[in-house]
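Participant: CSV, C-alpha atoms and all ligand atoms, file data.csv:
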chain,number,residue,atom,x,y,z
A,50,MET,CA,83.7,-56.2,1.2
A,51,PRO,CA,80.2,-55.8,2.7
A,52,LYS,CA,77.6,-58.4,1.9
A,53,LYS,CA,75.9,-57.5,-1.4
A,54,ILE,CA,72.5,-55.9,-0.8
A,55,LYS,CA,69.8,-57.3,-3.1
A,56,LYS,CA,66.8,-55.3,-2.1
A,57,LEU,CA,66.1,-51.7,-0.8
A,58,ALA,CA,63.0,-49.8,0.2
A,59,VAL,CA,62.3,-46.1,-0.1
A,60,LEU,CA,59.6,-44.0,1.7
A,61,THR,CA,58.6,-40.3,2.1
A,62,SER,CA,57.7,-39.1,5.6
A,63,GLY,CA,56.5,-35.9,7.4
A,64,GLY,CA,55.6,-32.8,5.4
A,65,ASP,CA,55.9,-33.2,1.6
A,66,SER,CA,58.2,-31.0,-0.4
A,67,PRO,CA,58.8,-30.4,-4.1
A,68,GLY,CA,61.7,-32.6,-5.2
A,69,MET,CA,60.6,-35.7,-3.3
A,70,ASN,CA,59.4,-37.4,-6.5
A,71,ALA,CA,62.6,-36.6,-8.2
A,72,ALA,CA,64.4,-38.2,-5.2
A,73,ILE,CA,62.2,-41.3,-5.4
A,74,ARG,CA,63.0,-41.6,-9.1
A,75,SER,CA,66.7,-41.3,-8.5
A,76,VAL,CA,66.6,-44.0,-5.7
A,77,VAL,CA,64.7,-46.4,-7.9
A,78,ARG,CA,66.9,-45.8,-11.0
A,79,THR,CA,70.1,-46.1,-9.0
A,80,CYS,CA,68.9,-49.4,-7.6
A,81,ALA,CA,68.1,-50.6,-11.2
A,82,TYR,CA,71.5,-49.4,-12.4
A,83,HIS,CA,73.2,-51.5,-9.7
A,84,ASP,CA,70.9,-54.5,-10.2
A,85,VAL,CA,69.3,-54.1,-6.8
A,86,GLU,CA,65.5,-54.6,-6.4
A,87,CYS,CA,63.6,-51.5,-5.1
A,88,VAL,CA,60.4,-51.3,-3.2
A,89,GLY,CA,58.3,-48.2,-2.6
A,90,VAL,CA,56.6,-47.9,0.8
A,91,TYR,CA,53.3,-45.9,0.8
A,92,ARG,CA,52.5,-43.3,3.5
A,93,GLY,CA,55.8,-43.3,5.2
A,94,TYR,CA,56.2,-45.3,8.4
A,95,GLU,CA,52.5,-46.0,8.4
A,96,GLY,CA,52.9,-48.1,5.3
A,97,LEU,CA,55.9,-49.8,6.7
A,98,ILE,CA,53.7,-51.0,9.6
A,99,GLU,CA,50.8,-52.0,7.3
A,100,GLY,CA,53.1,-53.7,4.7
A,101,ASP,CA,51.9,-51.3,2.0
A,102,PHE,CA,54.7,-52.0,-0.4
A,103,LYS,CA,55.0,-51.8,-4.2
A,104,SER,CA,57.8,-53.1,-6.3
A,105,MET,CA,59.4,-50.3,-8.4
A,106,GLY,CA,61.5,-50.6,-11.6
A,107,ALA,CA,63.2,-47.9,-13.7
A,108,ARG,CA,60.1,-47.4,-15.9
A,109,SER,CA,57.6,-47.1,-12.9
A,110,VAL,CA,59.1,-43.7,-12.1
A,111,ARG,CA,58.7,-42.1,-15.5
A,112,GLY,CA,57.1,-38.7,-15.8
A,113,ILE,CA,57.4,-37.7,-12.1
A,114,ILE,CA,60.6,-35.7,-12.0
A,115,ASN,CA,58.6,-32.5,-12.7
A,116,LYS,CA,55.8,-33.2,-10.2
A,117,GLY,CA,55.4,-31.7,-6.8
A,118,GLY,CA,54.2,-33.7,-3.7
A,119,THR,CA,55.1,-37.4,-3.5
A,120,ILE,CA,53.7,-40.3,-5.5
A,121,LEU,CA,54.4,-42.6,-2.5
A,122,LYS,CA,52.2,-40.3,-0.2
A,123,SER,CA,53.4,-39.1,3.1
A,124,ALA,CA,52.1,-39.4,6.6
A,125,ARG,CA,52.8,-38.9,10.3
A,126,SER,CA,52.6,-42.2,12.1
A,127,GLN,CA,51.9,-42.4,15.8
A,128,THR,CA,52.2,-46.2,15.8
A,129,PHE,CA,55.8,-46.0,14.6
A,130,ARG,CA,56.6,-44.0,17.8
A,131,THR,CA,55.8,-47.2,19.8
A,132,PRO,CA,58.2,-50.2,20.1
A,133,GLU,CA,55.3,-52.5,19.1
A,134,GLY,CA,54.7,-50.6,15.9
A,135,ARG,CA,58.4,-50.6,15.0
A,136,LYS,CA,58.6,-54.3,15.6
A,137,ILE,CA,55.8,-55.0,13.1
A,138,ALA,CA,57.6,-52.7,10.6
A,139,TYR,CA,60.8,-54.6,11.1
A,140,GLN,CA,59.1,-57.9,10.6
A,141,ASN,CA,57.5,-56.7,7.3
A,142,LEU,CA,60.9,-55.6,6.0
A,143,VAL,CA,62.5,-59.0,6.9
A,144,ASP,CA,59.5,-60.9,5.4
A,145,ASN,CA,60.0,-59.1,2.2
A,146,ASN,CA,63.8,-59.6,2.1
A,147,ILE,CA,64.4,-55.9,2.3
A,148,GLU,CA,67.9,-55.1,3.5
A,149,GLY,CA,68.1,-51.3,3.7
A,150,LEU,CA,65.8,-48.2,3.9
A,151,VAL,CA,66.0,-44.8,2.3
A,152,VAL,CA,64.0,-42.2,4.3
A,153,ILE,CA,63.1,-38.9,2.5
A,154,GLY,CA,61.9,-36.5,5.1
A,155,GLY,CA,62.7,-34.0,7.9
A,156,ASP,CA,64.4,-34.3,11.3
A,157,GLY,CA,61.4,-36.1,12.8
A,158,SER,CA,61.6,-38.8,10.1
A,159,PHE,CA,65.3,-39.1,10.7
A,160,THR,CA,64.8,-39.5,14.5
A,161,GLY,CA,62.4,-42.4,13.7
A,162,ALA,CA,65.0,-44.0,11.3
A,163,LEU,CA,67.7,-43.7,13.9
A,164,VAL,CA,65.6,-45.2,16.7
A,165,PHE,CA,64.7,-48.0,14.3
A,166,ASN,CA,68.3,-48.7,13.5
A,167,GLN,CA,69.3,-48.7,17.1
A,168,GLU,CA,66.6,-51.3,17.9
A,169,PHE,CA,67.1,-53.7,15.0
A,170,GLY,CA,70.4,-52.8,13.4
A,171,PHE,CA,68.5,-52.2,10.2
A,172,PRO,CA,70.5,-50.0,7.7
A,173,VAL,CA,68.9,-46.6,7.1
A,174,MET,CA,69.9,-43.6,5.0
A,175,GLY,CA,68.3,-40.1,5.1
A,176,ILE,CA,67.6,-37.6,2.3
A,177,PRO,CA,66.6,-34.2,3.7
A,178,GLY,CA,63.2,-33.2,2.2
A,179,THR,CA,61.6,-30.1,3.7
A,180,ILE,CA,61.0,-26.6,2.4
A,181,ASP,CA,62.2,-25.0,5.6
A,182,ASN,CA,66.0,-25.7,5.1
A,183,ASP,CA,66.3,-26.4,8.8
A,184,ILE,CA,68.5,-29.5,8.7
A,185,PHE,CA,72.1,-29.5,9.7
A,186,GLY,CA,74.6,-31.0,7.2
A,187,THR,CA,73.3,-29.6,3.9
A,188,SER,CA,73.3,-26.1,2.5
A,189,HIS,CA,69.9,-26.9,0.8
A,190,THR,CA,67.1,-29.3,1.7
A,191,LEU,CA,64.9,-30.6,-1.1
A,192,GLY,CA,62.1,-28.2,-1.9
A,193,PHE,CA,63.8,-25.1,-0.3
A,194,ASP,CA,64.8,-23.6,-3.7
A,195,THR,CA,61.3,-24.3,-5.2
A,196,ALA,CA,59.6,-22.7,-2.2
A,197,LEU,CA,61.8,-19.6,-2.5
A,198,ASN,CA,60.8,-19.2,-6.1
A,199,THR,CA,57.1,-19.7,-5.3
A,200,VAL,CA,57.2,-17.1,-2.5
A,201,VAL,CA,59.1,-14.5,-4.7
A,202,ASP,CA,56.6,-14.9,-7.4
A,203,ALA,CA,53.8,-14.2,-4.9
A,204,ILE,CA,55.6,-11.2,-3.5
A,205,ASP,CA,56.0,-9.8,-7.0
A,206,LYS,CA,52.3,-10.1,-7.6
A,207,ILE,CA,51.4,-8.5,-4.2
A,208,ARG,CA,53.8,-5.7,-4.8
A,209,ASP,CA,51.8,-4.7,-8.0
A,210,THR,CA,48.7,-4.1,-5.9
A,211,ALA,CA,50.7,-2.6,-3.0
A,212,SER,CA,52.2,0.1,-5.2
A,213,SER,CA,49.0,0.8,-7.0
A,214,HIS,CA,47.2,1.7,-3.7
A,215,ASN,CA,50.0,3.0,-1.4
A,216,ARG,CA,49.5,0.0,0.7
A,217,LEU,CA,51.7,-1.6,3.4
A,218,PHE,CA,51.5,-5.4,3.1
A,219,PHE,CA,52.6,-7.9,5.8
A,220,ILE,CA,53.3,-11.2,4.1
A,221,GLU,CA,53.6,-14.3,6.2
A,222,VAL,CA,55.8,-17.1,5.0
A,223,MET,CA,56.7,-20.5,6.4
A,224,GLY,CA,59.5,-20.8,9.0
A,225,ARG,CA,58.4,-21.6,12.6
A,226,ASP,CA,62.0,-22.0,13.9
A,227,VAL,CA,64.2,-20.7,11.1
A,228,GLY,CA,64.1,-17.6,8.9
A,229,HIS,CA,65.8,-19.0,5.7
A,230,ILE,CA,62.7,-18.6,3.5
A,231,ALA,CA,61.8,-15.1,5.0
A,232,LEU,CA,65.4,-13.7,4.7
A,233,ASN,CA,66.1,-15.0,1.1
A,234,THR,CA,62.7,-14.1,-0.3
A,235,GLY,CA,62.6,-10.8,1.5
A,236,ILE,CA,65.8,-9.7,-0.2
A,237,ALA,CA,64.8,-11.1,-3.6
A,238,GLY,CA,61.4,-9.5,-3.4
A,239,GLY,CA,62.7,-6.2,-2.3
A,240,ALA,CA,61.0,-6.2,1.1
A,241,GLU,CA,61.4,-3.1,3.4
A,242,GLU,CA,61.7,-5.3,6.5
A,243,ILE,CA,62.1,-9.0,7.2
A,244,LEU,CA,61.0,-10.5,10.5
A,245,ILE,CA,62.6,-13.8,11.4
A,246,PRO,CA,62.7,-16.2,14.5
A,247,GLU,CA,66.5,-15.6,15.0
A,248,GLU,CA,66.4,-11.8,15.5
A,249,ASP,CA,64.1,-9.5,17.4
A,250,LEU,CA,63.8,-6.3,15.4
A,251,GLY,CA,61.3,-4.8,18.0
A,252,LEU,CA,58.0,-3.2,17.1
A,253,ASP,CA,59.2,0.4,17.6
A,254,ARG,CA,62.1,-0.2,15.3
A,255,LEU,CA,59.8,-1.6,12.7
A,256,VAL,CA,57.5,1.4,12.8
A,257,GLU,CA,60.6,3.7,12.8
A,258,SER,CA,62.0,1.9,9.8
A,259,LEU,CA,58.7,2.1,7.9
A,260,ASN,CA,58.4,5.8,8.6
A,261,ARG,CA,61.9,6.4,7.4
A,262,SER,CA,61.2,4.5,4.2
A,263,ARG,CA,58.2,6.7,3.6
A,264,LYS,CA,60.0,9.9,4.3
A,265,SER,CA,62.6,8.8,1.8
A,266,GLY,CA,59.9,8.7,-0.9
A,267,LYS,CA,58.5,5.2,-0.8
A,268,THR,CA,54.7,5.0,-1.1
A,269,SER,CA,54.2,1.3,-0.6
A,270,SER,CA,56.0,-1.2,1.6
A,271,ILE,CA,56.3,-5.0,2.0
A,272,VAL,CA,57.3,-6.7,5.2
A,273,ILE,CA,58.0,-10.4,5.2
A,274,VAL,CA,57.2,-12.2,8.4
A,275,ALA,CA,58.3,-15.7,9.2
A,276,GLU,CA,55.6,-17.7,11.0
A,277,GLY,CA,57.8,-17.9,14.2
A,278,ASP,CA,59.2,-14.4,14.1
A,279,LYS,CA,60.9,-13.4,17.3
A,280,ILE,CA,58.7,-10.3,18.1
A,281,GLY,CA,56.1,-13.0,19.0
A,282,LYS,CA,53.1,-11.3,17.4
A,283,ASN,CA,51.1,-13.0,14.7
A,284,ILE,CA,50.7,-11.1,11.4
A,285,PHE,CA,47.2,-9.8,12.3
A,286,GLU,CA,48.5,-8.4,15.6
A,287,LEU,CA,51.3,-6.7,13.7
A,288,LYS,CA,48.8,-5.1,11.4
A,289,GLU,CA,46.8,-3.9,14.4
A,290,TYR,CA,50.0,-2.4,16.0
A,291,VAL,CA,50.9,-0.5,12.8
A,292,ASP,CA,47.3,0.6,12.3
A,293,ASP,CA,47.4,2.1,15.8
A,294,ASN,CA,50.9,3.6,15.5
A,295,MET,CA,51.3,4.8,11.9
A,296,GLU,CA,49.3,7.1,9.9
A,297,GLY,CA,48.7,7.2,6.2
A,298,TYR,CA,49.2,3.6,5.2
A,299,ASP,CA,46.4,1.2,4.3
A,300,VAL,CA,47.7,-2.0,5.9
A,301,ARG,CA,46.9,-5.4,4.5
A,302,VAL,CA,47.9,-8.9,5.4
A,303,SER,CA,48.6,-12.0,3.2
A,304,VAL,CA,49.3,-15.4,4.6
A,305,LEU,CA,50.9,-17.6,1.9
A,306,GLY,CA,50.4,-20.9,3.7
A,307,HIS,CA,50.5,-24.3,2.0
A,308,MET,CA,50.9,-23.0,-1.5
A,309,GLN,CA,54.6,-22.7,-0.5
A,310,ARG,CA,54.9,-26.5,-0.4
A,311,GLY,CA,53.4,-27.2,-3.8
A,312,GLY,CA,54.3,-26.8,-7.4
A,313,ALA,CA,56.8,-28.3,-9.9
A,314,PRO,CA,60.3,-28.5,-8.4
A,315,SER,CA,62.8,-26.0,-9.7
A,316,CYS,CA,65.8,-27.1,-11.8
A,317,PHE,CA,68.0,-26.8,-8.8
A,318,ASP,CA,65.8,-29.1,-6.7
A,319,ARG,CA,65.5,-31.7,-9.5
A,320,VAL,CA,69.3,-31.9,-9.9
A,321,LEU,CA,69.8,-32.0,-6.1
A,322,ALA,CA,67.2,-34.8,-5.7
A,323,SER,CA,68.9,-36.8,-8.4
A,324,ARG,CA,72.3,-36.4,-6.8
A,325,MET,CA,71.0,-37.2,-3.3
A,326,GLY,CA,69.2,-40.4,-4.5
A,327,VAL,CA,72.4,-41.7,-6.2
A,328,LYS,CA,74.5,-40.9,-3.1
A,329,ALA,CA,72.0,-42.5,-0.7
A,330,VAL,CA,71.7,-45.8,-2.5
A,331,GLU,CA,75.4,-46.1,-3.2
A,332,THR,CA,76.3,-45.3,0.4
A,333,LEU,CA,73.9,-48.1,1.6
A,334,LEU,CA,75.5,-50.5,-1.0
A,335,GLU,CA,78.9,-49.7,0.5
A,336,GLY,CA,77.6,-51.1,3.8
A,337,LYS,CA,77.2,-47.8,5.6
A,338,THR,CA,74.2,-46.8,7.6
A,339,ASN,CA,72.8,-43.9,9.8
A,340,TYR,CA,73.9,-41.1,7.5
A,341,MET,CA,72.1,-38.3,5.8
A,342,VAL,CA,73.3,-37.2,2.4
A,343,GLY,CA,73.7,-33.4,1.9
A,344,LEU,CA,75.1,-30.7,-0.2
A,345,ILE,CA,78.2,-29.0,1.2
A,346,ALA,CA,80.2,-26.6,-0.9
A,347,ASN,CA,78.5,-28.1,-4.0
A,348,LYS,CA,79.7,-31.7,-3.1
A,349,MET,CA,77.6,-34.6,-1.9
A,350,GLU,CA,78.7,-35.3,1.7
A,351,LEU,CA,77.5,-37.6,4.5
A,352,THR,CA,76.5,-36.4,7.9
A,353,PRO,CA,75.7,-38.9,10.7
A,354,LEU,CA,71.9,-38.8,11.2
A,355,ASP,CA,72.5,-38.0,14.9
A,356,ASN,CA,74.3,-34.8,14.0
A,357,ALA,CA,71.8,-33.9,11.3
A,358,ILE,CA,69.0,-34.1,13.9
A,359,LYS,CA,70.8,-32.3,16.7
A,360,GLY,CA,72.8,-29.7,14.8
A,361,LYS,CA,71.4,-26.3,14.3
A,362,THR,CA,71.4,-24.5,10.9
A,363,LYS,CA,72.5,-20.8,11.3
A,364,ILE,CA,71.0,-17.8,9.6
A,365,ASN,CA,73.5,-16.2,7.2
A,366,LEU,CA,74.5,-13.0,8.9
A,367,GLU,CA,75.8,-11.5,5.7
A,368,LEU,CA,72.3,-11.8,4.3
A,369,LEU,CA,71.0,-9.9,7.3
A,370,ARG,CA,73.4,-7.1,6.6
A,371,VAL,CA,72.6,-7.1,2.9
A,372,SER,CA,68.9,-6.8,3.7
A,373,ASP,CA,69.6,-3.9,6.1
A,374,ILE,CA,71.5,-2.0,3.5
A,375,MET,CA,68.9,-2.7,0.8
A,376,SER,CA,66.1,-1.2,2.9
A,377,ILE,CA,67.7,2.2,3.1
A,401,LIG,P1,58.6,-31.9,8.7
A,401,LIG,O1,60.0,-31.2,8.8
A,401,LIG,O2,57.9,-31.6,7.5
A,401,LIG,O3,57.8,-31.7,9.9
A,401,LIG,P2,59.5,-34.4,9.8
A,401,LIG,O4,60.1,-35.6,9.2
A,401,LIG,O5,60.2,-33.6,10.8
A,401,LIG,O6,59.0,-33.5,8.6
A,401,LIG,P3,57.6,-35.4,11.8
A,401,LIG,O7,56.1,-35.4,11.8
A,401,LIG,O8,58.3,-34.7,12.9
A,401,LIG,O9,58.0,-34.8,10.4
A,401,LIG,O10,58.1,-36.9,11.8
A,401,LIG,C1,57.6,-37.8,10.8
A,401,LIG,C2,57.4,-39.2,11.4
A,401,LIG,O11,58.6,-39.7,11.9
A,401,LIG,C3,56.4,-39.2,12.6
A,401,LIG,O12,55.1,-39.2,12.3
A,401,LIG,C4,56.8,-40.5,13.3
A,401,LIG,O13,56.2,-41.6,12.6
A,401,LIG,C5,58.3,-40.6,13.0
A,401,LIG,N1,59.0,-40.2,14.2
A,401,LIG,C6,59.4,-38.9,14.6
A,401,LIG,N2,60.0,-38.9,15.8
A,401,LIG,C7,60.1,-40.2,16.2
A,401,LIG,C8,60.6,-40.9,17.3
A,401,LIG,N3,61.2,-40.2,18.3
A,401,LIG,N4,60.5,-42.2,17.4
A,401,LIG,C9,60.0,-42.9,16.4
A,401,LIG,N5,59.4,-42.3,15.3
A,401,LIG,C10,59.5,-41.0,15.2
Go ahead and express the file in the form of structure tokens.
Facilitator:
Amino acid sequence: MPKKIKKLAVLTSGGDSPGMNAAIRSVVRTCAYHDVECVGVYRGYEGLIEGDFKSMGARSVRGIINKGGTILKSARSQTFRTPEGRKIAYQNLVDNNIEGLVVIGGDGSFTGALVFNQEFGFPVMGIPGTIDNDIFGTSHTLGFDTALNTVVDAIDKIRDTASSHNRLFFIEVMGRDVGHIALNTGIAGGAEEILIPEEDLGLDRLVESLNRSRKSGKTSSIVIVAEGDKIGKNIFELKEYVDDNMEGYDVRVSVLGHMQRGGAPSCFDRVLASRMGVKAVETLLEGKTNYMVGLIANKMELTPLDNAIKGKTKINLELLRVSDIMSI
């Protein structure tokens, strides 16, 4: 039997995502359920270094399951990247009798947690919180589902104006390295084309495809573009190219930006966050460390943090084919 842990800490780090609050709530309540003290750390690793801690009980997380963002605030900490900074963080944890840390964040935050564990042997557990869904070891990261719903809602609204004016809209969505948001929302929003970082459609093929759509009777079109799409042109350059190479369309551009990170978490993200929080705390209490909790085939599973950081998520090729067929 591992030594009984009496006190844990939780922090949110890197970019915020909807569902982080629901995960904090779950971590705090699972601790209370197992009679373990819980401490919230403000502003991620920055608060760990500054000793910005707050004791949290089951009632202190009331009314947050439906809130976007993170009540613990998030930050990117340069000091934590230095051995000196991490030493101070470790001393603060020891001085406060904290025996394990739950990190809610992306792969950068997990890298920090792993480095910290390797230096001090301090138990750490990761919960994947990012809208990009770019972490290996889970089919869904926290906030991905909510972001999809936010984007689809925006596409629906833009389509109203596109079809009223025979317009072609390029809509940029988040996804510097992966096209999960673009591909899913493109299909759900009925986009004519979807440009993602994993595939190079090519500009000529794009124009060809838009021309084909128009010949088949479409009067307006929507193209979803991931920030890091492989053609390598930003959304304004794409507009310029189509303006120069296609006639008859009034081309407009819409960059959705940070609105994709905000808003109340979806039902799916709230349930996922609740499950992940329980699994993270109970895994630490079992004496395990250096894992990320994730959803695989609808089960809570553990993936070593190292694999979660290094592994690549793959785009669903079946979805690519579906999108091709739908844009006929
Ligand atoms: P997002 O996916 O939203 O960018 P993230 O968790 O990947 O989230 P990062 O800014 O990459 O966000 O990382 C968050 C924090 O983790 C950094 O500000 C830093 O404090 C810590 N961190 C990242 N990499 C390391 C590292 N190699 N060593 C120590 N700490 C690190």
Participant: Please extract the residues at most 10 Å from ligand LIG 401 (chain A), counting all atoms listed in the file, and provide them as a VMD selection string, using the chain letters and residue numbers of this document.
Facilitator: chain A and resid 61 to 66 92 to 95 123 to 132 134 to 135 152 to 165 177 to 184 310 358
Participant: Would you mind listing what lies within 9 Å of A:Pro314 as a CSV table (one decimal) with C-alpha atoms, keeping the file's coordinate frame, with all atoms listed in the file counted and same-chain residues fewer than 5 positions away left out?
Facilitator:
chain,number,residue,atom,x,y,z
A,66,SER,CA,58.2,-31.0,-0.4
A,67,PRO,CA,58.8,-30.4,-4.1
A,68,GLY,CA,61.7,-32.6,-5.2
A,69,MET,CA,60.6,-35.7,-3.3
A,71,ALA,CA,62.6,-36.6,-8.2
A,114,ILE,CA,60.6,-35.7,-12.0
A,115,ASN,CA,58.6,-32.5,-12.7
A,116,LYS,CA,55.8,-33.2,-10.2
A,117,GLY,CA,55.4,-31.7,-6.8
A,191,LEU,CA,64.9,-30.6,-1.1
A,192,GLY,CA,62.1,-28.2,-1.9
A,194,ASP,CA,64.8,-23.6,-3.7
A,195,THR,CA,61.3,-24.3,-5.2
A,196,ALA,CA,59.6,-22.7,-2.2
A,319,ARG,CA,65.5,-31.7,-9.5
Participant: If we count all atoms listed in the file and set the cut-off at 12 Å, which residues sit around A:Glu296, ignoring sequence neighbours fewer than 5 positions away in its own chain? Please answer as a list in words.
Facilitator: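 The residues satisfying every condition are Arg216, Leu217, Val256, Leu259, Asn260, Arg263, Tyr290 and Val291 of chain A.
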Participant: Considering only C-alpha atoms, state which residue in the set A:Arg74, A:Lys328, A:Arg301, A:Arg370 is at the smallest distance from A:Met105.
Facilitator: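 Among the listed residues, the smallest separation from A:Met105 belongs to A:Arg74.
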Participant: Under the rule that all atoms listed in the file are counted, which of A:Ser270, A:Gly297, A:Leu197, A:Val342 is the nearest residue to A:Ser323?
Facilitator: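 Nearest to A:Ser323: A:Val342.
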Participant: Return the single residue from A:Lys282, A:Ser213, A:Thr268, A:Cys80 that is closest to A:Thr332, with distances computed using all atoms listed in the file.
Facilitator: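 The shortest atom-to-atom distance to A:Thr332 comes from A:Cys80.
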Participant: Select, counting only C-alpha atoms, all protein, DNA and RNA residues no farther than 12 Å from (78.6, -32.7, 2.6) in file coordinates, and express the selection as number ranges by chain.
Facilitator: A: 185-189, 324-325, 328, 340-353, 357
Participant: Using all atoms listed in the file, pick whichever of A:Asn365, A:Ser265, A:Gln167, A:Ser109 has the shortest atom-to-atom distance to A:Ile230.
Facilitator: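 Among the listed residues, the smallest separation from A:Ile230 belongs to A:Asn365.
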